[in-house]
Amino acid sequence: MSFLEDVQKGIITEQIEAAATAEGVAAAVIRQGMADGTIVVPCNPAHKGLKLMAIGKGLRTKVSASIGLDSKDSTVAYELEKLQTALAAGTHAIMDLSITGDMDGARRAILSASPVPVGTLPLYQTIAEASRKYGSTLKMTPEQMLEVIERQAADGVDFMALHCATTFETIERAKNEGRIDPLVSYGGAHIIGWMVHHKKENPLYENYDRILDIAKKYSVTLSLADGMRPGCLADSLDGAQVQELIILGELVDRARKAGVQIMIKGPGHMPLNHIRDTMTLQKSLCKGAPYFVFGPLLTDLAVGYDHINAAIGGAISSWHGAQFLCYVTPAEHIGNPDVAQVHQGVIAARIAAQTGDLAKGMPEAIRWELDMSNARRDLKWTEQIRLAIDPEHAEYIRKTRNDGEISTCAMCGKFCAMKIIAEHMHFDKHSC
Amino acid sequence: MTQVLKARAGKITEEMEAVALYEQVDVEFVRNGVAEGRIVIPRNINRKSFRYCGIGEGMRVKVNALIGTSSNRDDMAMEARKLQAAQDAGCDTFMDLSTGSGIDAMRKQTLDMANVAVGCTTIYQAGQEAIEKYGSVVEMRTKDILDTIEKQAAEGMDFMAIHSAFNNSVLKVMQKTGRVTWVVSRGGAFITGWMLHNKKENPLFEHYDRILEILKAYDVTLSLGDAIRPGATADSLDGAQMQGLLVQGDLAKRAQDTGVQVMVEGPGHVPLNHVEATMKLQKRLCNNAPYFILGTLATDVAPGYDNITGAIGGAFAGASGADFLCYLTPAEHLGLPLEEDVRTGVISTRMAAQIADVARGHKQAIAREKEMAQARVTMDIDRQIKAALAPDKLIAAKEKGCGQHLCAACGKDCAVQEAARYFGIR
């Protein structure tokens, strides 16, 4: 019996207890959410040392950082350094998106070093192995795809992104409507190329029952990805995206019936005025399954600053229903992130998560804000730094943006509003 | 005659022409907006011509940067570099918020260097000089304040933030309801301290008619300061803020009636779920005067990253009706920005403005997005560099060799190429 089947029967497992404790909610909340399919707790028993974490309705918004071997110069050691950086910055999950090199080795090293859930995109490894073995990605086979999925599941991967809904129905619609960027997804583009070359339906769709069997056997949470995520503002909420979302909704039902946990991966690029609609549509079509969104990026023009772009989109998405944010780094659209950019990406995504949670009125988010504002009013600097989302960075800015002695804040200097008001409203006189 | 009065008389000014050209709208639309107070075009009669910008309904969302000396860093050369950095990064206006020793000299330097509209916060100089002269802000004399306003206007300030709207009625509500961070506006704190100490009404409120006369004489755009802006998300949309907005509304109408261009300053720290209400209330209560907002900062907890929290709030606020965004830098709440922070602040805020423009359905903004999308699909790096908001990082990457189609996995029979052929691209 799978984890989810236990839950569906009303059993509160120790995983649920652990996830509930981490979240600071009652175990019954997590159990009910899992049974309804609105909460997932990605946890593969083969992932040793995993600290449990829940994602979904009514819970704090979580963030995920992507790392992985991505060029011939990549090393496992450097990816582990990125992992540690992402963890220190407070990521709630990691995705290993290796596309080259010793992918098995990287994954196993990341799994054994990561106390947070680890996700993968198995098609990447399939593509790389097909290319290596047969000299062409077109020669990958459905059996090979399933074999990689099972190999990764057996290693302990907690959640997997799979492009199961990028079917002919979806891609024909993209072609007919003249989508600007139908190749935005690396995995999706390869599946599409394979499909049109072989004139065969998407093997990940055709073999979905076998995928569910593997997921159930190893207790892997599915994170169904969208090959037709919008890659530019103009493609947002087009027919292809919506078509795929309809199919994703069907696949959610099948996963739940099979006792497999599932969430849906989404956008992408979209204009701000599409966010609420996109979230509503996903919730409706995918029956409340947790929504894991990349970004979203609200302008195509912010190359070099896309972590900020994504923080804006992520914040508003989180407010309107996204529960899991995939980070975007300043390297997006340019290259692959280094350690410093991984750090920036995680912090920007966490700012978005806090902003969304605050807008939703989550008590913990409100309390954090209040603690910080009280410390500001009272000019308690140590406390402000401690409460900052990135204390080390706040301390660094404070040190480098003040000339000389920094017992006061240079921003207002001797004209500190807090001091003037405290004096004249007869509060205790604060000092910096 | 001020621009508003000219607009009402049906006259098209050179500023209106320039704005209409930049915004690609009919000049009659601009004239009508100025006449009705929904658009302002800050320009002091004593300034030589510069890159004018229209702020308000139907205009692109504009970005303001801040520079200025302070008691802790009184270095005019550095402020000159920051001004240049802000202009190079593409700000539409900036404000000189100097509180250092030579405020007059700074203003001269700023006005000489600027090719955009320049603003200031009047009370900073009045307060700073009161400290010099009498030893305390609370000793400011009404005459000194009015003289300062006149001097700043005569020397060419295009827009001036004046905290007239913080009066006894607002103070009373604030004292009754309490606040987490009380008054976080520095100018607001000067005024509050003065009112409490002297037990008198705010002189900027008492002598509002005189102030309007001065502004009208030089055609300065009034930026009604928000002394009571929320400094914590917990204080957003509280009674004190609303009372302040009501008074701002009354004063905005008086300025409009007098023929003075006026915009209204606002938030501050605002949770996302308060943004739309804040924008709607301002438009309704202030007779559709343009809304000039700081941030909004969407969370209190990210010192060191307030350019990001400000971009989150600013994008959403812009999409919900704010017309003019004051930037935030990574130094906010912690210290004084350096040149690189100024640059980061302007770029972050321009991004927010672009996002807002797209959400508001602005045709040119949307067209530029599409241009970038097509440049990406065709992998044309030079075209991408042209379309980017701030291409510096992309240019650096191009020099390092990014842009050739490099794929770590593909052999020669690449599935992606096959897919591209299917869709008829590349």
# chains A, B, ... in the order shown; residues from 1 in each chain; ligands from 1
$ residues_around --residues "Arg229 of chain B" --least-positions-apart "3" --cutoff "8 Å" --atoms "only C-alpha atoms" --output "ChimeraX atom specification"
/B:183-185,226,236,241,266-269
$ write_last_selection --atoms "N, CA and C atoms" --output "mmCIF file, in the first residue's frame"
data_model
loop_
_atom_site.group_PDB
_atom_site.id
_atom_site.type_symbol
_atom_site.label_atom_id
_atom_site.label_comp_id
_atom_site.auth_asym_id
_atom_site.auth_seq_id
_atom_site.Cartn_x
_atom_site.Cartn_y
_atom_site.Cartn_z
ATOM 1 N N VAL B 183 5.450 57.543 12.413
ATOM 2 C CA VAL B 183 5.752 58.363 11.232
ATOM 3 C C VAL B 183 7.137 57.976 10.707
ATOM 4 N N VAL B 184 7.201 57.449 9.495
ATOM 5 C CA VAL B 184 8.508 57.034 8.968
ATOM 6 C C VAL B 184 9.025 58.002 7.922
ATOM 7 N N SER B 185 8.186 58.929 7.523
ATOM 8 C CA SER B 185 8.630 59.939 6.573
ATOM 9 C C SER B 185 9.475 60.945 7.337
ATOM 10 N N ASP B 226 3.346 62.714 1.686
ATOM 11 C CA ASP B 226 2.571 61.781 2.509
ATOM 12 C C ASP B 226 3.348 61.522 3.788
ATOM 13 N N SER B 236 -0.582 49.549 7.106
ATOM 14 C CA SER B 236 -1.213 49.905 5.835
ATOM 15 C C SER B 236 -2.731 50.039 5.962
ATOM 16 N N GLN B 241 -3.605 56.770 7.927
ATOM 17 C CA GLN B 241 -3.295 56.876 6.495
ATOM 18 C C GLN B 241 -4.512 57.394 5.725
ATOM 19 N N GLY B 266 2.322 58.732 -2.029
ATOM 20 C CA GLY B 266 1.721 57.670 -1.221
ATOM 21 C C GLY B 266 2.699 56.584 -0.821
ATOM 22 N N PRO B 267 2.142 55.449 -0.340
ATOM 23 C CA PRO B 267 2.865 54.334 0.285
ATOM 24 C C PRO B 267 4.213 54.066 -0.316
ATOM 25 N N GLY B 268 5.184 53.478 0.422
ATOM 26 C CA GLY B 268 5.208 52.849 1.696
ATOM 27 C C GLY B 268 5.103 51.298 1.668
ATOM 28 N N HIS B 269 5.022 50.807 2.869
ATOM 29 C CA HIS B 269 4.922 49.354 3.075
ATOM 30 C C HIS B 269 3.455 48.925 2.975
#
$ closest_atom_pairs --of "chain B" --to "chain A" --cutoff "6 Å" --atoms "only C-alpha atoms" --output "tab-separated table"
residue	atom	partner	partner_atom	distance
B:Ser71	CA	A:Gly413	CA	5.7
B:Asn72	CA	A:Ala410	CA	5.6
B:Thr181	CA	A:Arg377	CA	5.2
B:Val184	CA	A:Ala417	CA	5.6
B:Arg186	CA	A:Ala417	CA	4.9
B:Ala189	CA	A:Ala417	CA	5.1
B:Gly193	CA	A:His424	CA	5.5
B:Ala232	CA	A:Ser373	CA	5.7
B:Pro271	CA	A:Ala359	CA	5.6
B:Leu272	CA	A:Ala359	CA	5.3
B:Asn273	CA	A:Ala359	CA	5.0
B:Ala298	CA	A:Thr355	CA	5.9
B:Thr299	CA	A:Thr355	CA	5.6
B:Asp300	CA	A:Glu369	CA	5.4
B:Val301	CA	A:Ala388	CA	5.3
B:Ala302	CA	A:Ile389	CA	5.2
B:Pro303	CA	A:Ala394	CA	5.8
B:Gly304	CA	A:Ala394	CA	4.8
B:Ile308	CA	A:Ile308	CA	5.8
B:Ile312	CA	A:Ile312	CA	4.3
B:Leu334	CA	A:Arg398	CA	5.0
B:Gly335	CA	A:Met411	CA	4.7
B:Leu336	CA	A:Met411	CA	5.0
B:Ile355	CA	A:Thr299	CA	5.8
B:Ala359	CA	A:Asn273	CA	5.1
B:Glu369	CA	A:Asp300	CA	5.6
B:Ala373	CA	A:Cys232	CA	5.7
B:Ala388	CA	A:Leu301	CA	4.6
B:Leu389	CA	A:Leu301	CA	5.4
B:Lys393	CA	A:Gly304	CA	5.1
B:Ala408	CA	A:Ser71	CA	5.7
B:Ala409	CA	A:Ala128	CA	5.1
B:Gly411	CA	A:Ser136	CA	5.3
B:Asp413	CA	A:Ser136	CA	5.0
B:Cys414	CA	A:Thr137	CA	5.7
B:Ala415	CA	A:Gly193	CA	4.3
B:Val416	CA	A:His190	CA	5.1
B:Glu418	CA	A:Gly193	CA	4.8
B:Ala419	CA	A:Gly193	CA	4.0
B:Phe423	CA	A:Lys175	CA	5.6
$ atom_distance --atom1 "atom CA of Val118 of chain B" --atom2 "atom CA of Tyr291 of chain B"
17.0 Å
$ residues_around --residues "Gln243 of chain A" --least-positions-apart "6" --cutoff "10 Å" --atoms "only C-alpha atoms" --output "mmCIF file with C-alpha atoms, in the first residue's frame"
data_model
loop_
_atom_site.group_PDB
_atom_site.id
_atom_site.type_symbol
_atom_site.label_atom_id
_atom_site.label_comp_id
_atom_site.auth_asym_id
_atom_site.auth_seq_id
_atom_site.Cartn_x
_atom_site.Cartn_y
_atom_site.Cartn_z
ATOM 1 C CA ALA A 165 0.607 15.898 -21.387
ATOM 2 C CA THR A 166 2.551 17.248 -24.355
ATOM 3 C CA THR A 167 0.481 15.182 -26.754
ATOM 4 C CA GLU A 169 -3.469 17.357 -29.537
ATOM 5 C CA THR A 170 -1.384 19.922 -27.658
ATOM 6 C CA ILE A 171 1.365 20.450 -30.201
ATOM 7 C CA ARG A 173 -2.793 23.373 -31.538
ATOM 8 C CA ALA A 174 0.488 25.211 -30.992
ATOM 9 C CA MET A 228 3.811 24.206 -23.698
ATOM 10 C CA LEU A 237 -2.890 31.464 -21.914
#
$ atom_distance --atom1 "atom CA of Gly10 of chain B" --atom2 "atom CA of Ser49 of chain B"
21.8 Å
$ select_by_dssp --residues "segment 283-416 of chain B" --states "strand (DSSP E or B)" --output "MDAnalysis selection string"
chainID B and resid 291:294 297 324:326 402 404 413
$ residues_around --residues "segment 144-150 of chain B" --least-positions-apart "6" --cutoff "8 Å" --atoms "only C-alpha atoms" --output "short mmCIF file (atom, residue, chain, number, x, y, z; two decimals) with C-alpha atoms, in the first residue's frame"
data_model
loop_
_atom_site.label_atom_id
_atom_site.label_comp_id
_atom_site.auth_asym_id
_atom_site.auth_seq_id
_atom_site.Cartn_x
_atom_site.Cartn_y
_atom_site.Cartn_z
CA THR B 122 11.10 71.40 0.75
CA ILE B 123 11.02 70.75 4.45
CA GLN B 125 16.17 72.29 3.77
CA ALA B 126 13.92 74.30 6.07
CA ILE B 211 2.34 78.09 -1.01
CA ILE B 214 4.46 80.65 -5.02
CA LEU B 215 4.19 77.41 -6.98
#
$ atom_distance --atom1 "atom CA of Gln152 of chain B" --atom2 "atom CA of Leu66 of chain B"
16.9 Å
$ decode --residues "segment 311-361 of chain A" --atoms "N, CA and C atoms" --output "CSV table (one decimal), in the first residue's frame"
chain,number,residue,atom,x,y,z
A,311,ALA,N,10.6,37.3,-8.9
A,311,ALA,CA,10.1,37.5,-7.6
A,311,ALA,C,8.8,38.3,-7.6
A,312,ILE,N,8.7,39.2,-8.6
A,312,ILE,CA,7.4,39.9,-8.8
A,312,ILE,C,6.3,38.9,-9.1
A,313,GLY,N,6.6,38.1,-10.1
A,313,GLY,CA,5.6,37.1,-10.6
A,313,GLY,C,5.3,36.1,-9.5
A,314,GLY,N,6.3,35.6,-8.9
A,314,GLY,CA,6.1,34.6,-7.8
A,314,GLY,C,5.3,35.1,-6.7
A,315,ALA,N,5.5,36.3,-6.3
A,315,ALA,CA,4.8,36.9,-5.2
A,315,ALA,C,3.3,37.0,-5.5
A,316,ILE,N,3.0,37.5,-6.6
A,316,ILE,CA,1.6,37.6,-7.0
A,316,ILE,C,0.9,36.2,-7.2
A,317,SER,N,1.7,35.3,-7.8
A,317,SER,CA,1.2,33.9,-8.0
A,317,SER,C,1.0,33.3,-6.7
A,318,SER,N,1.9,33.4,-5.8
A,318,SER,CA,1.7,32.8,-4.5
A,318,SER,C,0.4,33.3,-3.8
A,319,TRP,N,0.2,34.6,-3.9
A,319,TRP,CA,-1.0,35.2,-3.3
A,319,TRP,C,-2.2,34.6,-4.0
A,320,HIS,N,-2.2,34.3,-5.3
A,320,HIS,CA,-3.4,33.8,-6.0
A,320,HIS,C,-3.4,32.3,-6.1
A,321,GLY,N,-2.5,31.6,-5.4
A,321,GLY,CA,-2.7,30.1,-5.4
A,321,GLY,C,-1.6,29.2,-5.7
A,322,ALA,N,-0.4,29.8,-6.2
A,322,ALA,CA,0.7,28.9,-6.4
A,322,ALA,C,1.3,28.6,-5.1
A,323,GLN,N,1.7,27.3,-4.8
A,323,GLN,CA,2.2,27.0,-3.5
A,323,GLN,C,3.7,26.6,-3.5
A,324,PHE,N,4.2,26.6,-4.7
A,324,PHE,CA,5.6,26.1,-4.8
A,324,PHE,C,6.3,26.9,-5.9
A,325,LEU,N,7.4,27.6,-5.6
A,325,LEU,CA,8.0,28.5,-6.6
A,325,LEU,C,9.3,27.9,-7.0
A,326,CYS,N,9.5,27.7,-8.3
A,326,CYS,CA,10.8,27.3,-8.8
A,326,CYS,C,11.6,28.6,-9.0
A,327,TYR,N,12.8,28.7,-8.4
A,327,TYR,CA,13.6,29.9,-8.5
A,327,TYR,C,14.0,30.2,-9.9
A,328,VAL,N,14.3,31.5,-10.1
A,328,VAL,CA,15.0,31.9,-11.3
A,328,VAL,C,16.2,32.7,-10.9
A,329,THR,N,17.3,32.5,-11.5
A,329,THR,CA,18.5,33.2,-11.1
A,329,THR,C,18.8,34.4,-12.1
A,330,PRO,N,19.8,35.2,-11.8
A,330,PRO,CA,20.1,36.3,-12.7
A,330,PRO,C,20.8,35.8,-14.0
A,331,ALA,N,21.2,34.5,-14.0
A,331,ALA,CA,21.8,33.9,-15.2
A,331,ALA,C,20.8,33.4,-16.2
A,332,GLU,N,19.5,33.4,-15.8
A,332,GLU,CA,18.5,33.0,-16.7
A,332,GLU,C,18.5,33.7,-18.1
A,333,HIS,N,18.4,33.0,-19.2
A,333,HIS,CA,18.5,33.5,-20.5
A,333,HIS,C,19.9,33.9,-21.0
A,334,ILE,N,20.8,33.7,-20.1
A,334,ILE,CA,22.2,34.0,-20.4
A,334,ILE,C,23.1,32.8,-20.4
A,335,GLY,N,23.0,32.1,-19.3
A,335,GLY,CA,23.9,31.0,-19.1
A,335,GLY,C,23.5,30.2,-17.9
A,336,ASN,N,24.5,29.6,-17.2
A,336,ASN,CA,24.1,28.8,-16.1
A,336,ASN,C,24.6,29.5,-14.8
A,337,PRO,N,23.8,29.4,-13.7
A,337,PRO,CA,24.2,30.2,-12.5
A,337,PRO,C,25.4,29.7,-11.8
A,338,ASP,N,26.2,30.6,-11.3
A,338,ASP,CA,27.2,30.2,-10.4
A,338,ASP,C,26.7,30.2,-8.9
A,339,VAL,N,27.6,30.0,-8.0
A,339,VAL,CA,27.2,29.8,-6.6
A,339,VAL,C,26.5,31.1,-6.1
A,340,ALA,N,27.1,32.3,-6.4
A,340,ALA,CA,26.5,33.5,-6.0
A,340,ALA,C,25.1,33.7,-6.6
A,341,GLN,N,24.9,33.3,-7.8
A,341,GLN,CA,23.6,33.5,-8.4
A,341,GLN,C,22.6,32.6,-7.9
A,342,VAL,N,23.0,31.4,-7.5
A,342,VAL,CA,22.1,30.4,-6.8
A,342,VAL,C,21.6,31.1,-5.6
A,343,HIS,N,22.5,31.7,-4.8
A,343,HIS,CA,22.1,32.3,-3.6
A,343,HIS,C,21.1,33.4,-3.8
A,344,GLN,N,21.4,34.3,-4.8
A,344,GLN,CA,20.4,35.4,-5.2
A,344,GLN,C,19.1,34.8,-5.6
A,345,GLY,N,19.1,33.7,-6.3
A,345,GLY,CA,17.8,33.2,-6.8
A,345,GLY,C,17.0,32.7,-5.7
A,346,VAL,N,17.6,32.0,-4.7
A,346,VAL,CA,16.8,31.4,-3.6
A,346,VAL,C,16.2,32.5,-2.8
A,347,ILE,N,17.0,33.6,-2.5
A,347,ILE,CA,16.5,34.7,-1.6
A,347,ILE,C,15.4,35.4,-2.3
A,348,ALA,N,15.6,35.6,-3.6
A,348,ALA,CA,14.5,36.4,-4.4
A,348,ALA,C,13.2,35.5,-4.3
A,349,ALA,N,13.3,34.2,-4.5
A,349,ALA,CA,12.1,33.4,-4.4
A,349,ALA,C,11.5,33.4,-3.0
A,350,ARG,N,12.3,33.4,-2.0
A,350,ARG,CA,11.8,33.4,-0.6
A,350,ARG,C,11.1,34.7,-0.3
A,351,ILE,N,11.6,35.8,-0.9
A,351,ILE,CA,11.0,37.1,-0.7
A,351,ILE,C,9.6,37.0,-1.3
A,352,ALA,N,9.5,36.4,-2.5
A,352,ALA,CA,8.2,36.3,-3.2
A,352,ALA,C,7.3,35.4,-2.3
A,353,ALA,N,7.8,34.3,-1.8
A,353,ALA,CA,7.0,33.4,-1.0
A,353,ALA,C,6.4,34.2,0.3
A,354,GLN,N,7.3,34.9,0.9
A,354,GLN,CA,6.8,35.6,2.1
A,354,GLN,C,5.8,36.7,1.7
A,355,THR,N,6.0,37.4,0.6
A,355,THR,CA,5.1,38.4,0.2
A,355,THR,C,3.7,37.8,-0.1
A,356,GLY,N,3.7,36.7,-0.8
A,356,GLY,CA,2.4,36.0,-1.1
A,356,GLY,C,1.7,35.5,0.2
A,357,ASP,N,2.5,34.9,1.1
A,357,ASP,CA,1.9,34.4,2.3
A,357,ASP,C,1.3,35.6,3.1
A,358,LEU,N,2.0,36.7,3.1
A,358,LEU,CA,1.5,37.9,3.8
A,358,LEU,C,0.2,38.3,3.2
A,359,ALA,N,0.2,38.4,1.9
A,359,ALA,CA,-1.1,38.8,1.2
A,359,ALA,C,-2.2,37.8,1.5
A,360,LYS,N,-1.9,36.6,1.7
A,360,LYS,CA,-2.9,35.6,2.0
A,360,LYS,C,-3.3,35.6,3.5
A,361,GLY,N,-2.6,36.4,4.2
A,361,GLY,CA,-3.0,36.6,5.7
A,361,GLY,C,-2.5,35.4,6.5
